[in-house]
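File shown: upload_15.cif (mmCIF, N, CA and C atoms).
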```cif
data_coords
#
loop_
_atom_site.label_atom_id
_atom_site.label_comp_id
_atom_site.auth_asym_id
_atom_site.auth_seq_id
_atom_site.Cartn_x
_atom_site.Cartn_y
_atom_site.Cartn_z
N MET H 109 2.93 12.44 -20.40
CA MET H 109 1.71 11.90 -19.82
C MET H 109 1.33 12.74 -18.60
N GLN H 110 0.13 13.29 -18.60
CA GLN H 110 -0.31 14.18 -17.52
C GLN H 110 -0.44 13.47 -16.18
N SER H 111 -0.73 12.20 -16.18
CA SER H 111 -0.93 11.49 -14.91
C SER H 111 0.35 11.49 -14.07
N ALA H 112 1.51 11.59 -14.68
CA ALA H 112 2.77 11.58 -13.95
C ALA H 112 2.90 12.78 -13.01
N SER H 113 2.21 13.88 -13.32
CA SER H 113 2.31 15.08 -12.48
C SER H 113 1.28 15.11 -11.35
N LEU H 114 0.39 14.13 -11.30
CA LEU H 114 -0.63 14.09 -10.26
C LEU H 114 -0.02 13.75 -8.90
N PRO H 115 -0.50 14.37 -7.81
CA PRO H 115 -0.05 13.95 -6.48
C PRO H 115 -0.56 12.53 -6.20
N ASP H 116 0.12 11.83 -5.29
CA ASP H 116 -0.24 10.44 -4.99
C ASP H 116 -1.71 10.27 -4.65
N GLU H 117 -2.29 11.20 -3.89
CA GLU H 117 -3.68 11.08 -3.46
C GLU H 117 -4.63 11.00 -4.65
N GLN H 118 -4.37 11.79 -5.69
CA GLN H 118 -5.22 11.76 -6.88
C GLN H 118 -4.85 10.57 -7.77
N ALA H 119 -3.57 10.28 -7.88
CA ALA H 119 -3.12 9.17 -8.71
C ALA H 119 -3.69 7.84 -8.24
N ALA H 120 -3.80 7.67 -6.93
CA ALA H 120 -4.31 6.41 -6.38
C ALA H 120 -5.73 6.12 -6.81
N GLN H 121 -6.45 7.14 -7.20
CA GLN H 121 -7.84 6.96 -7.62
C GLN H 121 -7.95 6.47 -9.06
N ILE H 122 -6.86 6.56 -9.82
CA ILE H 122 -6.89 6.16 -11.23
C ILE H 122 -5.64 5.34 -11.60
N PRO H 123 -5.41 4.20 -10.95
CA PRO H 123 -4.20 3.43 -11.23
C PRO H 123 -4.05 3.01 -12.69
N ALA H 124 -5.17 2.83 -13.40
CA ALA H 124 -5.11 2.41 -14.80
C ALA H 124 -4.52 3.49 -15.71
N ALA H 125 -4.40 4.72 -15.21
CA ALA H 125 -3.82 5.80 -16.02
C ALA H 125 -2.29 5.72 -16.05
N PHE H 126 -1.72 4.79 -15.29
CA PHE H 126 -0.27 4.65 -15.20
C PHE H 126 0.17 3.39 -15.93
N PRO H 127 1.42 3.37 -16.39
CA PRO H 127 1.90 2.16 -17.07
C PRO H 127 1.86 0.96 -16.14
N GLY H 128 1.55 -0.18 -16.69
CA GLY H 128 1.59 -1.42 -15.91
C GLY H 128 3.02 -1.79 -15.58
N TRP H 129 3.22 -2.45 -14.44
CA TRP H 129 4.55 -2.90 -14.05
C TRP H 129 5.08 -3.85 -15.11
N ASP H 130 6.36 -3.74 -15.44
CA ASP H 130 6.99 -4.54 -16.48
C ASP H 130 8.17 -5.29 -15.87
N ALA H 131 8.17 -6.61 -15.98
CA ALA H 131 9.23 -7.44 -15.39
C ALA H 131 10.60 -7.15 -15.98
N ALA H 132 10.66 -6.45 -17.10
CA ALA H 132 11.93 -6.09 -17.72
C ALA H 132 12.15 -4.58 -17.68
N GLY H 133 11.36 -3.90 -16.88
CA GLY H 133 11.42 -2.43 -16.83
C GLY H 133 12.61 -1.89 -16.07
N ASN H 134 12.97 -0.67 -16.41
CA ASN H 134 13.99 0.09 -15.70
C ASN H 134 13.26 1.16 -14.92
N TYR H 135 13.38 1.18 -13.60
CA TYR H 135 12.61 2.10 -12.77
C TYR H 135 13.52 3.03 -11.98
N GLN H 136 13.08 4.26 -11.85
CA GLN H 136 13.77 5.27 -11.05
C GLN H 136 12.95 5.52 -9.79
N ALA H 137 13.61 5.88 -8.71
CA ALA H 137 12.90 6.22 -7.47
C ALA H 137 11.86 7.28 -7.78
N GLY H 138 10.64 7.05 -7.32
CA GLY H 138 9.54 7.99 -7.55
C GLY H 138 8.63 7.60 -8.70
N ASP H 139 9.09 6.70 -9.58
CA ASP H 139 8.22 6.22 -10.67
C ASP H 139 7.01 5.52 -10.07
N ARG H 140 5.89 5.58 -10.77
CA ARG H 140 4.69 4.87 -10.32
C ARG H 140 4.25 3.89 -11.39
N ALA H 141 3.72 2.75 -10.95
CA ALA H 141 3.28 1.71 -11.87
C ALA H 141 2.04 1.03 -11.31
N GLU H 142 1.15 0.62 -12.21
CA GLU H 142 -0.05 -0.13 -11.82
C GLU H 142 0.31 -1.61 -11.80
N TYR H 143 -0.15 -2.30 -10.77
CA TYR H 143 0.06 -3.75 -10.68
C TYR H 143 -1.12 -4.33 -9.91
N GLY H 144 -1.81 -5.28 -10.50
CA GLY H 144 -2.94 -5.93 -9.84
C GLY H 144 -4.07 -4.97 -9.51
N GLY H 145 -4.24 -3.91 -10.31
CA GLY H 145 -5.30 -2.94 -10.07
C GLY H 145 -4.97 -1.90 -9.02
N LEU H 146 -3.75 -1.95 -8.46
CA LEU H 146 -3.32 -0.99 -7.45
C LEU H 146 -2.15 -0.19 -7.99
N LEU H 147 -1.92 0.97 -7.39
CA LEU H 147 -0.82 1.83 -7.81
C LEU H 147 0.33 1.72 -6.82
N TYR H 148 1.54 1.57 -7.33
CA TYR H 148 2.75 1.45 -6.51
C TYR H 148 3.74 2.53 -6.90
N LYS H 149 4.56 2.96 -5.91
CA LYS H 149 5.62 3.93 -6.14
C LYS H 149 6.96 3.25 -5.91
N CYS H 150 7.90 3.49 -6.82
CA CYS H 150 9.24 2.92 -6.73
C CYS H 150 10.04 3.65 -5.64
N LEU H 151 10.65 2.89 -4.74
CA LEU H 151 11.43 3.46 -3.64
C LEU H 151 12.92 3.56 -3.98
N GLN H 152 13.41 2.64 -4.81
CA GLN H 152 14.82 2.62 -5.19
C GLN H 152 14.95 2.37 -6.68
N SER H 153 15.85 3.08 -7.32
CA SER H 153 16.10 2.84 -8.74
C SER H 153 16.60 1.40 -8.91
N HIS H 154 16.07 0.71 -9.94
CA HIS H 154 16.46 -0.67 -10.19
C HIS H 154 15.97 -1.13 -11.56
N THR H 155 16.53 -2.24 -12.01
CA THR H 155 16.03 -2.94 -13.20
C THR H 155 15.21 -4.11 -12.68
N ALA H 156 13.96 -4.19 -13.09
CA ALA H 156 13.04 -5.20 -12.57
C ALA H 156 13.46 -6.61 -12.95
N GLN H 157 12.98 -7.54 -12.16
CA GLN H 157 13.10 -8.97 -12.43
C GLN H 157 11.73 -9.59 -12.21
N GLY H 158 11.49 -10.71 -12.83
CA GLY H 158 10.18 -11.34 -12.75
C GLY H 158 9.67 -11.61 -11.35
N ASP H 159 10.56 -11.89 -10.40
CA ASP H 159 10.12 -12.19 -9.04
C ASP H 159 10.19 -10.97 -8.12
N TRP H 160 10.45 -9.79 -8.68
CA TRP H 160 10.47 -8.55 -7.91
C TRP H 160 9.20 -7.75 -8.17
N THR H 161 8.05 -8.41 -8.13
CA THR H 161 6.79 -7.71 -8.35
C THR H 161 6.57 -6.70 -7.23
N PRO H 162 5.82 -5.65 -7.48
CA PRO H 162 5.60 -4.64 -6.44
C PRO H 162 5.07 -5.20 -5.12
N GLU H 163 4.20 -6.19 -5.18
CA GLU H 163 3.66 -6.73 -3.92
C GLU H 163 4.65 -7.63 -3.20
N MET H 164 5.67 -8.11 -3.90
CA MET H 164 6.64 -9.03 -3.29
C MET H 164 7.98 -8.38 -2.97
N ALA H 165 8.17 -7.12 -3.33
CA ALA H 165 9.46 -6.46 -3.12
C ALA H 165 9.27 -5.14 -2.36
N PRO H 166 9.00 -5.21 -1.04
CA PRO H 166 8.73 -3.99 -0.28
C PRO H 166 9.92 -3.05 -0.15
N SER H 167 11.12 -3.54 -0.41
CA SER H 167 12.27 -2.63 -0.39
C SER H 167 12.35 -1.81 -1.66
N LEU H 168 11.61 -2.23 -2.70
CA LEU H 168 11.63 -1.54 -3.98
C LEU H 168 10.36 -0.75 -4.27
N TRP H 169 9.24 -1.20 -3.71
CA TRP H 169 7.94 -0.61 -4.04
C TRP H 169 7.10 -0.39 -2.78
N VAL H 170 6.26 0.66 -2.80
CA VAL H 170 5.28 0.89 -1.75
C VAL H 170 3.93 1.12 -2.43
N ARG H 171 2.90 0.49 -1.88
CA ARG H 171 1.55 0.65 -2.43
C ARG H 171 1.01 2.03 -2.06
N ILE H 172 0.37 2.69 -3.02
CA ILE H 172 -0.27 3.99 -2.77
C ILE H 172 -1.76 3.71 -2.65
N ASP H 173 -2.28 3.78 -1.45
CA ASP H 173 -3.70 3.51 -1.23
C ASP H 173 -4.56 4.70 -1.61
N ASP H 174 -5.81 4.42 -1.84
CA ASP H 174 -6.79 5.45 -2.17
C ASP H 174 -7.23 6.13 -0.88
N PRO H 175 -6.82 7.39 -0.67
CA PRO H 175 -7.20 8.07 0.57
C PRO H 175 -8.69 8.38 0.64
N GLY H 176 -9.40 8.23 -0.47
CA GLY H 176 -10.84 8.46 -0.47
C GLY H 176 -11.63 7.34 0.19
N GLU H 177 -10.98 6.21 0.41
CA GLU H 177 -11.64 5.07 1.06
C GLU H 177 -11.34 5.13 2.56
N GLU H 178 -12.37 5.43 3.35
CA GLU H 178 -12.16 5.63 4.78
C GLU H 178 -11.74 4.35 5.51
N TRP H 179 -12.31 3.22 5.14
CA TRP H 179 -12.03 1.95 5.81
C TRP H 179 -11.52 0.92 4.78
N PRO H 180 -10.29 1.07 4.29
CA PRO H 180 -9.79 0.09 3.31
C PRO H 180 -9.60 -1.28 3.95
N VAL H 181 -9.59 -2.30 3.15
CA VAL H 181 -9.37 -3.66 3.63
C VAL H 181 -7.93 -3.76 4.16
N TRP H 182 -7.77 -4.36 5.34
CA TRP H 182 -6.44 -4.54 5.92
C TRP H 182 -5.63 -5.50 5.06
N ARG H 183 -4.37 -5.16 4.83
CA ARG H 183 -3.43 -6.02 4.12
C ARG H 183 -2.20 -6.18 5.01
N GLN H 184 -1.68 -7.38 5.09
CA GLN H 184 -0.48 -7.61 5.89
C GLN H 184 0.68 -6.81 5.31
N PRO H 185 1.24 -5.87 6.07
CA PRO H 185 2.40 -5.14 5.58
C PRO H 185 3.56 -6.10 5.31
N SER H 186 4.23 -5.89 4.19
CA SER H 186 5.35 -6.77 3.85
C SER H 186 6.68 -6.16 4.25
N GLY H 187 6.62 -5.03 4.93
CA GLY H 187 7.84 -4.38 5.41
C GLY H 187 7.49 -3.09 6.11
N SER H 188 8.51 -2.43 6.66
CA SER H 188 8.26 -1.21 7.43
C SER H 188 7.68 -0.08 6.57
N ALA H 189 7.95 -0.08 5.27
CA ALA H 189 7.42 0.96 4.39
C ALA H 189 5.90 0.88 4.28
N GLU H 190 5.33 -0.30 4.55
CA GLU H 190 3.89 -0.49 4.45
C GLU H 190 3.21 -0.59 5.82
N ALA H 191 3.96 -0.43 6.91
CA ALA H 191 3.38 -0.52 8.24
C ALA H 191 2.33 0.59 8.43
N TYR H 192 1.30 0.29 9.20
CA TYR H 192 0.23 1.25 9.42
C TYR H 192 0.63 2.27 10.50
N PRO H 193 0.32 3.55 10.27
CA PRO H 193 0.60 4.56 11.29
C PRO H 193 -0.49 4.56 12.37
N LYS H 194 -0.20 5.17 13.50
CA LYS H 194 -1.20 5.34 14.54
C LYS H 194 -2.37 6.13 13.96
N GLY H 195 -3.60 5.66 14.21
CA GLY H 195 -4.79 6.32 13.69
C GLY H 195 -5.30 5.75 12.38
N ALA H 196 -4.54 4.86 11.74
CA ALA H 196 -4.99 4.25 10.48
C ALA H 196 -6.27 3.46 10.72
N LYS H 197 -7.16 3.51 9.75
CA LYS H 197 -8.43 2.78 9.84
C LYS H 197 -8.46 1.69 8.79
N VAL H 198 -8.94 0.50 9.18
CA VAL H 198 -9.03 -0.62 8.26
C VAL H 198 -10.27 -1.46 8.54
N ARG H 199 -10.63 -2.28 7.54
CA ARG H 199 -11.66 -3.31 7.71
C ARG H 199 -10.95 -4.65 7.72
N TYR H 200 -11.36 -5.53 8.64
CA TYR H 200 -10.77 -6.86 8.71
C TYR H 200 -11.82 -7.83 9.22
N GLU H 201 -12.08 -8.87 8.46
CA GLU H 201 -13.07 -9.90 8.80
C GLU H 201 -14.41 -9.30 9.21
N GLY H 202 -14.87 -8.32 8.43
CA GLY H 202 -16.18 -7.72 8.63
C GLY H 202 -16.27 -6.72 9.77
N ARG H 203 -15.14 -6.39 10.40
CA ARG H 203 -15.13 -5.44 11.51
C ARG H 203 -14.21 -4.28 11.18
N ARG H 204 -14.42 -3.17 11.87
CA ARG H 204 -13.60 -1.97 11.65
C ARG H 204 -12.62 -1.79 12.80
N TRP H 205 -11.39 -1.40 12.44
CA TRP H 205 -10.31 -1.29 13.42
C TRP H 205 -9.55 0.01 13.22
N GLU H 206 -9.01 0.56 14.31
CA GLU H 206 -8.15 1.73 14.25
C GLU H 206 -6.84 1.40 14.96
N SER H 207 -5.74 1.76 14.32
CA SER H 207 -4.42 1.46 14.87
C SER H 207 -4.12 2.35 16.07
N GLU H 208 -3.64 1.72 17.14
CA GLU H 208 -3.24 2.46 18.33
C GLU H 208 -1.72 2.55 18.43
N ALA H 209 -1.01 2.06 17.41
CA ALA H 209 0.45 2.05 17.45
C ALA H 209 1.02 2.54 16.13
N ASP H 210 2.13 3.24 16.19
CA ASP H 210 2.87 3.60 14.99
C ASP H 210 3.61 2.36 14.49
N GLN H 211 3.84 2.31 13.18
CA GLN H 211 4.55 1.18 12.57
C GLN H 211 3.88 -0.15 12.88
N ASN H 212 2.55 -0.17 12.82
CA ASN H 212 1.76 -1.34 13.18
C ASN H 212 1.77 -2.36 12.04
N VAL H 213 2.29 -3.54 12.32
CA VAL H 213 2.31 -4.63 11.34
C VAL H 213 1.49 -5.84 11.81
N TRP H 214 0.82 -5.70 12.97
CA TRP H 214 0.06 -6.81 13.54
C TRP H 214 -1.32 -6.94 12.92
N VAL H 215 -1.86 -8.12 13.01
CA VAL H 215 -3.22 -8.41 12.54
C VAL H 215 -4.21 -7.75 13.49
N PRO H 216 -5.23 -7.06 12.97
CA PRO H 216 -6.23 -6.48 13.86
C PRO H 216 -6.83 -7.55 14.77
N GLY H 217 -6.97 -7.19 16.03
CA GLY H 217 -7.49 -8.11 17.03
C GLY H 217 -6.41 -8.82 17.82
N GLU H 218 -5.18 -8.80 17.31
CA GLU H 218 -4.07 -9.45 18.03
C GLU H 218 -3.34 -8.46 18.92
N TYR H 219 -2.95 -7.30 18.35
CA TYR H 219 -2.20 -6.32 19.10
C TYR H 219 -2.21 -5.00 18.32
N GLY H 220 -2.26 -3.88 19.05
CA GLY H 220 -2.09 -2.58 18.43
C GLY H 220 -3.31 -2.01 17.72
N TRP H 221 -4.46 -2.67 17.81
CA TRP H 221 -5.69 -2.20 17.17
C TRP H 221 -6.81 -2.15 18.19
N ILE H 222 -7.73 -1.22 17.99
CA ILE H 222 -8.94 -1.15 18.79
C ILE H 222 -10.12 -1.24 17.82
N GLU H 223 -11.09 -2.07 18.18
CA GLU H 223 -12.27 -2.20 17.32
C GLU H 223 -13.14 -0.96 17.44
N VAL H 224 -13.61 -0.47 16.31
CA VAL H 224 -14.47 0.70 16.26
C VAL H 224 -15.88 0.22 15.93
N VAL H 225 -16.82 0.47 16.83
CA VAL H 225 -18.20 0.02 16.62
C VAL H 225 -19.13 1.19 16.45
#
```
Translate the structure of the given file into structure tokens.
Amino acid sequence: MQSASLPDEQAAQIPAAFPGWDAAGNYQAGDRAEYGGLLYKCLQSHTAQGDWTPEMAPSLWVRIDDPGEEWPVWRQPSGSAEAYPKGAKVRYEGRRWESEADQNVWVPGEYGWIEVV
């Protein structure tokens, strides 16, 4: 499958080109799978279980965002692998925010973000 050789930045634009996550799947570190319309990368080799979905198992999976979207919707990081870096841009409750902290896991407007107008 040609999509397997794509860099993450290009792969994130076409998550449907990747196999869907399988609750009975065997995954190796670096494998990518589509789940809920988003693309995830496997962080640790493992055999999946029904409650280890990519969005619920941050020690096993990291979401690959579409770098083409300048202001993606903010999502609560579920672990340090998903924390926002300094300079990250997000949309939250109709406003735009930029992270002022590395490893930012806070809600925009509470700490570590500056509103961009």
Please report as a tab-separated table every residue of segment 175-199 of chain H lying within 8 Å of segment 159-166 of chain H, along with the nearest atom pair and their distance in Å (one decimal), using all atoms listed in the file.
```
residue	atom	partner	partner_atom	distance
H:Pro185	C	H:Pro166	CA	7.9
H:Ser186	C	H:Pro166	CA	5.4
H:Gly187	N	H:Pro166	CA	5.7
H:Ser188	N	H:Pro166	C	7.0
H:Ala189	N	H:Pro166	C	6.5
H:Glu190	N	H:Pro166	CA	7.0
```
Would you export the selected residues with N, CA and C atoms as a short mmCIF file (atom, residue, chain, number, x, y, z; two decimals), keeping the file's coordinate frame, please?
```
data_model
loop_
_atom_site.label_atom_id
_atom_site.label_comp_id
_atom_site.auth_asym_id
_atom_site.auth_seq_id
_atom_site.Cartn_x
_atom_site.Cartn_y
_atom_site.Cartn_z
N PRO H 185 1.24 -5.87 6.07
CA PRO H 185 2.40 -5.14 5.58
C PRO H 185 3.56 -6.10 5.31
N SER H 186 4.23 -5.89 4.19
CA SER H 186 5.35 -6.77 3.85
C SER H 186 6.68 -6.16 4.25
N GLY H 187 6.62 -5.03 4.93
CA GLY H 187 7.84 -4.38 5.41
C GLY H 187 7.49 -3.09 6.11
N SER H 188 8.51 -2.43 6.66
CA SER H 188 8.26 -1.21 7.43
C SER H 188 7.68 -0.08 6.57
N ALA H 189 7.95 -0.08 5.27
CA ALA H 189 7.42 0.96 4.39
C ALA H 189 5.90 0.88 4.28
N GLU H 190 5.33 -0.30 4.55
CA GLU H 190 3.89 -0.49 4.45
C GLU H 190 3.21 -0.59 5.82
#
```
task: Write out as a PyMOL selection string the residues lying within 9 Å of Ile122 of chain H, counting only C-alpha atoms and excluding same-chain residues fewer than 4 positions away.
output: chain H and resi 111+118+126+146-147
Requested write-out: N, CA and C atoms of the selected residues, as a short mmCIF file (atom, residue, chain, number, x, y, z; two decimals), in the frame of the given file:
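File written: again30.cif
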```cif
data_model
loop_
_atom_site.label_atom_id
_atom_site.label_comp_id
_atom_site.auth_asym_id
_atom_site.auth_seq_id
_atom_site.Cartn_x
_atom_site.Cartn_y
_atom_site.Cartn_z
N SER H 111 -0.73 12.20 -16.18
CA SER H 111 -0.93 11.49 -14.91
C SER H 111 0.35 11.49 -14.07
N GLN H 118 -4.37 11.79 -5.69
CA GLN H 118 -5.22 11.76 -6.88
C GLN H 118 -4.85 10.57 -7.77
N PHE H 126 -1.72 4.79 -15.29
CA PHE H 126 -0.27 4.65 -15.20
C PHE H 126 0.17 3.39 -15.93
N LEU H 146 -3.75 -1.95 -8.46
CA LEU H 146 -3.32 -0.99 -7.45
C LEU H 146 -2.15 -0.19 -7.99
N LEU H 147 -1.92 0.97 -7.39
CA LEU H 147 -0.82 1.83 -7.81
C LEU H 147 0.33 1.72 -6.82
#
```
- request: Point out the residue among H:Ala131, H:Val181, H:Leu151, H:Ala156 with the least atom-to-atom distance to Trp169 of chain H, counting only C-alpha atoms.
  value: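 When distances to Trp169 of chain H are compared using only C-alpha atoms, the smallest one comes from H:Leu151.
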task: Would you mind listing what lies within 9 Å of Gly138 of chain H as a count of residues only, with only C-alpha atoms counted and same-chain residues fewer than 6 positions away left out?
output: 5
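The neighbours of Glu223 of chain H here are the residues that come within 6 Å of it, using all atoms listed in the file and leaving out any residue fewer than 6 positions away in the same chain; they are Arg204, Trp205 and Glu206 of chain H.
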task: Let me know the residues the PyMOL selection byres ((chain H and resi 128) around 7) catches in the file above, as number ranges by chain.
output: H: 126-127, 129-130, 141-143
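In this structure, atom N of Asp173 of chain H sits 17.1 Å away from atom C of Asp210 of chain H.
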query: Could you write out, as a VMD selection string, all the residues of segment 129-204 of chain H that DSSP marks as strand (DSSP E)?
result: chain H and resid 134 to 135 140 to 143 146 to 150 154 to 155 169 to 172 197 to 200 203 to 204
field: Of the listed residues H:Ala196, H:Val213, H:Val224, H:Leu168, that which approaches Tyr148 of chain H most closely, counting only N, CA and C atoms
entry: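 Answer, going by the shortest atom-to-atom distance: H:Leu168.
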Because the input lacks atoms here, generate all heavy atoms for segment 213-223 of chain H and report them as a PDB file, in the frame of the given file.
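Wrote selection.pdb, looks like this:
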```pdb
ATOM      1  N   VAL H 213       2.290  -3.540  12.320  1.00  0.00           N
ATOM      2  CA  VAL H 213       2.310  -4.630  11.340  1.00  0.00           C
ATOM      3  C   VAL H 213       1.490  -5.840  11.810  1.00  0.00           C
ATOM      4  O   VAL H 213       1.478  -6.866  11.165  1.00  0.00           O
ATOM      5  CB  VAL H 213       3.763  -5.078  11.029  1.00  0.00           C
ATOM      6  CG1 VAL H 213       4.532  -3.959  10.375  1.00  0.00           C
ATOM      7  CG2 VAL H 213       4.467  -5.568  12.278  1.00  0.00           C
ATOM      8  N   TRP H 214       0.820  -5.700  12.970  1.00  0.00           N
ATOM      9  CA  TRP H 214       0.060  -6.810  13.540  1.00  0.00           C
ATOM     10  C   TRP H 214      -1.320  -6.940  12.920  1.00  0.00           C
ATOM     11  O   TRP H 214      -1.898  -5.987  12.416  1.00  0.00           O
ATOM     12  CB  TRP H 214      -0.072  -6.620  15.054  1.00  0.00           C
ATOM     13  CG  TRP H 214       1.258  -6.705  15.736  1.00  0.00           C
ATOM     14  CD1 TRP H 214       1.952  -7.832  16.077  1.00  0.00           C
ATOM     15  CD2 TRP H 214       2.074  -5.603  16.137  1.00  0.00           C
ATOM     16  NE1 TRP H 214       3.141  -7.492  16.668  1.00  0.00           N
ATOM     17  CE2 TRP H 214       3.249  -6.131  16.718  1.00  0.00           C
ATOM     18  CE3 TRP H 214       1.951  -4.223  16.060  1.00  0.00           C
ATOM     19  CZ2 TRP H 214       4.270  -5.334  17.216  1.00  0.00           C
ATOM     20  CZ3 TRP H 214       2.967  -3.422  16.563  1.00  0.00           C
ATOM     21  CH2 TRP H 214       4.116  -3.993  17.131  1.00  0.00           C
ATOM     22  N   VAL H 215      -1.860  -8.120  13.010  1.00  0.00           N
ATOM     23  CA  VAL H 215      -3.220  -8.410  12.540  1.00  0.00           C
ATOM     24  C   VAL H 215      -4.210  -7.750  13.490  1.00  0.00           C
ATOM     25  O   VAL H 215      -4.055  -7.872  14.719  1.00  0.00           O
ATOM     26  CB  VAL H 215      -3.460  -9.937  12.491  1.00  0.00           C
ATOM     27  CG1 VAL H 215      -4.904 -10.249  12.127  1.00  0.00           C
ATOM     28  CG2 VAL H 215      -2.503 -10.601  11.522  1.00  0.00           C
ATOM     29  N   PRO H 216      -5.230  -7.060  12.970  1.00  0.00           N
ATOM     30  CA  PRO H 216      -6.230  -6.480  13.860  1.00  0.00           C
ATOM     31  C   PRO H 216      -6.830  -7.550  14.770  1.00  0.00           C
ATOM     32  O   PRO H 216      -7.129  -8.660  14.353  1.00  0.00           O
ATOM     33  CB  PRO H 216      -7.283  -5.934  12.879  1.00  0.00           C
ATOM     34  CG  PRO H 216      -6.499  -5.597  11.660  1.00  0.00           C
ATOM     35  CD  PRO H 216      -5.467  -6.694  11.563  1.00  0.00           C
ATOM     36  N   GLY H 217      -6.970  -7.190  16.030  1.00  0.00           N
ATOM     37  CA  GLY H 217      -7.490  -8.110  17.030  1.00  0.00           C
ATOM     38  C   GLY H 217      -6.410  -8.820  17.820  1.00  0.00           C
ATOM     39  O   GLY H 217      -6.682  -9.385  18.869  1.00  0.00           O
ATOM     40  N   GLU H 218      -5.180  -8.800  17.310  1.00  0.00           N
ATOM     41  CA  GLU H 218      -4.070  -9.450  18.030  1.00  0.00           C
ATOM     42  C   GLU H 218      -3.340  -8.460  18.920  1.00  0.00           C
ATOM     43  O   GLU H 218      -3.082  -8.731  20.075  1.00  0.00           O
ATOM     44  CB  GLU H 218      -3.088 -10.079  17.050  1.00  0.00           C
ATOM     45  CG  GLU H 218      -3.620 -11.323  16.391  1.00  0.00           C
ATOM     46  CD  GLU H 218      -2.592 -11.991  15.507  1.00  0.00           C
ATOM     47  OE1 GLU H 218      -1.416 -11.581  15.500  1.00  0.00           O
ATOM     48  OE2 GLU H 218      -2.977 -12.939  14.809  1.00  0.00           O
ATOM     49  N   TYR H 219      -2.950  -7.300  18.350  1.00  0.00           N
ATOM     50  CA  TYR H 219      -2.200  -6.320  19.100  1.00  0.00           C
ATOM     51  C   TYR H 219      -2.210  -5.000  18.320  1.00  0.00           C
ATOM     52  O   TYR H 219      -2.167  -4.994  17.095  1.00  0.00           O
ATOM     53  CB  TYR H 219      -0.751  -6.759  19.306  1.00  0.00           C
ATOM     54  CG  TYR H 219       0.103  -5.728  20.011  1.00  0.00           C
ATOM     55  CD1 TYR H 219       0.051  -5.603  21.389  1.00  0.00           C
ATOM     56  CD2 TYR H 219       0.918  -4.873  19.286  1.00  0.00           C
ATOM     57  CE1 TYR H 219       0.813  -4.642  22.042  1.00  0.00           C
ATOM     58  CE2 TYR H 219       1.683  -3.914  19.926  1.00  0.00           C
ATOM     59  CZ  TYR H 219       1.638  -3.787  21.298  1.00  0.00           C
ATOM     60  OH  TYR H 219       2.372  -2.851  21.938  1.00  0.00           O
ATOM     61  N   GLY H 220      -2.260  -3.880  19.050  1.00  0.00           N
ATOM     62  CA  GLY H 220      -2.090  -2.580  18.430  1.00  0.00           C
ATOM     63  C   GLY H 220      -3.310  -2.010  17.720  1.00  0.00           C
ATOM     64  O   GLY H 220      -3.203  -0.970  17.082  1.00  0.00           O
ATOM     65  N   TRP H 221      -4.460  -2.670  17.810  1.00  0.00           N
ATOM     66  CA  TRP H 221      -5.690  -2.200  17.170  1.00  0.00           C
ATOM     67  C   TRP H 221      -6.810  -2.150  18.190  1.00  0.00           C
ATOM     68  O   TRP H 221      -6.870  -2.961  19.098  1.00  0.00           O
ATOM     69  CB  TRP H 221      -6.101  -3.147  16.037  1.00  0.00           C
ATOM     70  CG  TRP H 221      -5.113  -3.241  14.928  1.00  0.00           C
ATOM     71  CD1 TRP H 221      -4.100  -4.144  14.817  1.00  0.00           C
ATOM     72  CD2 TRP H 221      -5.041  -2.416  13.772  1.00  0.00           C
ATOM     73  NE1 TRP H 221      -3.399  -3.936  13.648  1.00  0.00           N
ATOM     74  CE2 TRP H 221      -3.960  -2.864  12.996  1.00  0.00           C
ATOM     75  CE3 TRP H 221      -5.774  -1.311  13.318  1.00  0.00           C
ATOM     76  CZ2 TRP H 221      -3.597  -2.289  11.791  1.00  0.00           C
ATOM     77  CZ3 TRP H 221      -5.407  -0.725  12.107  1.00  0.00           C
ATOM     78  CH2 TRP H 221      -4.339  -1.205  11.370  1.00  0.00           C
ATOM     79  N   ILE H 222      -7.730  -1.220  17.990  1.00  0.00           N
ATOM     80  CA  ILE H 222      -8.940  -1.150  18.790  1.00  0.00           C
ATOM     81  C   ILE H 222     -10.120  -1.240  17.820  1.00  0.00           C
ATOM     82  O   ILE H 222     -10.119  -0.609  16.763  1.00  0.00           O
ATOM     83  CB  ILE H 222      -9.013   0.132  19.648  1.00  0.00           C
ATOM     84  CG1 ILE H 222     -10.230   0.105  20.553  1.00  0.00           C
ATOM     85  CG2 ILE H 222      -9.015   1.378  18.776  1.00  0.00           C
ATOM     86  CD1 ILE H 222     -10.212   1.154  21.633  1.00  0.00           C
ATOM     87  N   GLU H 223     -11.090  -2.070  18.180  1.00  0.00           N
ATOM     88  CA  GLU H 223     -12.270  -2.200  17.320  1.00  0.00           C
ATOM     89  C   GLU H 223     -13.140  -0.960  17.440  1.00  0.00           C
ATOM     90  O   GLU H 223     -13.383  -0.459  18.542  1.00  0.00           O
ATOM     91  CB  GLU H 223     -13.078  -3.444  17.680  1.00  0.00           C
ATOM     92  CG  GLU H 223     -14.233  -3.669  16.716  1.00  0.00           C
ATOM     93  CD  GLU H 223     -14.989  -4.952  16.961  1.00  0.00           C
ATOM     94  OE1 GLU H 223     -14.695  -5.655  17.957  1.00  0.00           O
ATOM     95  OE2 GLU H 223     -15.888  -5.250  16.163  1.00  0.00           O
TER      96      GLU H 223
END
```
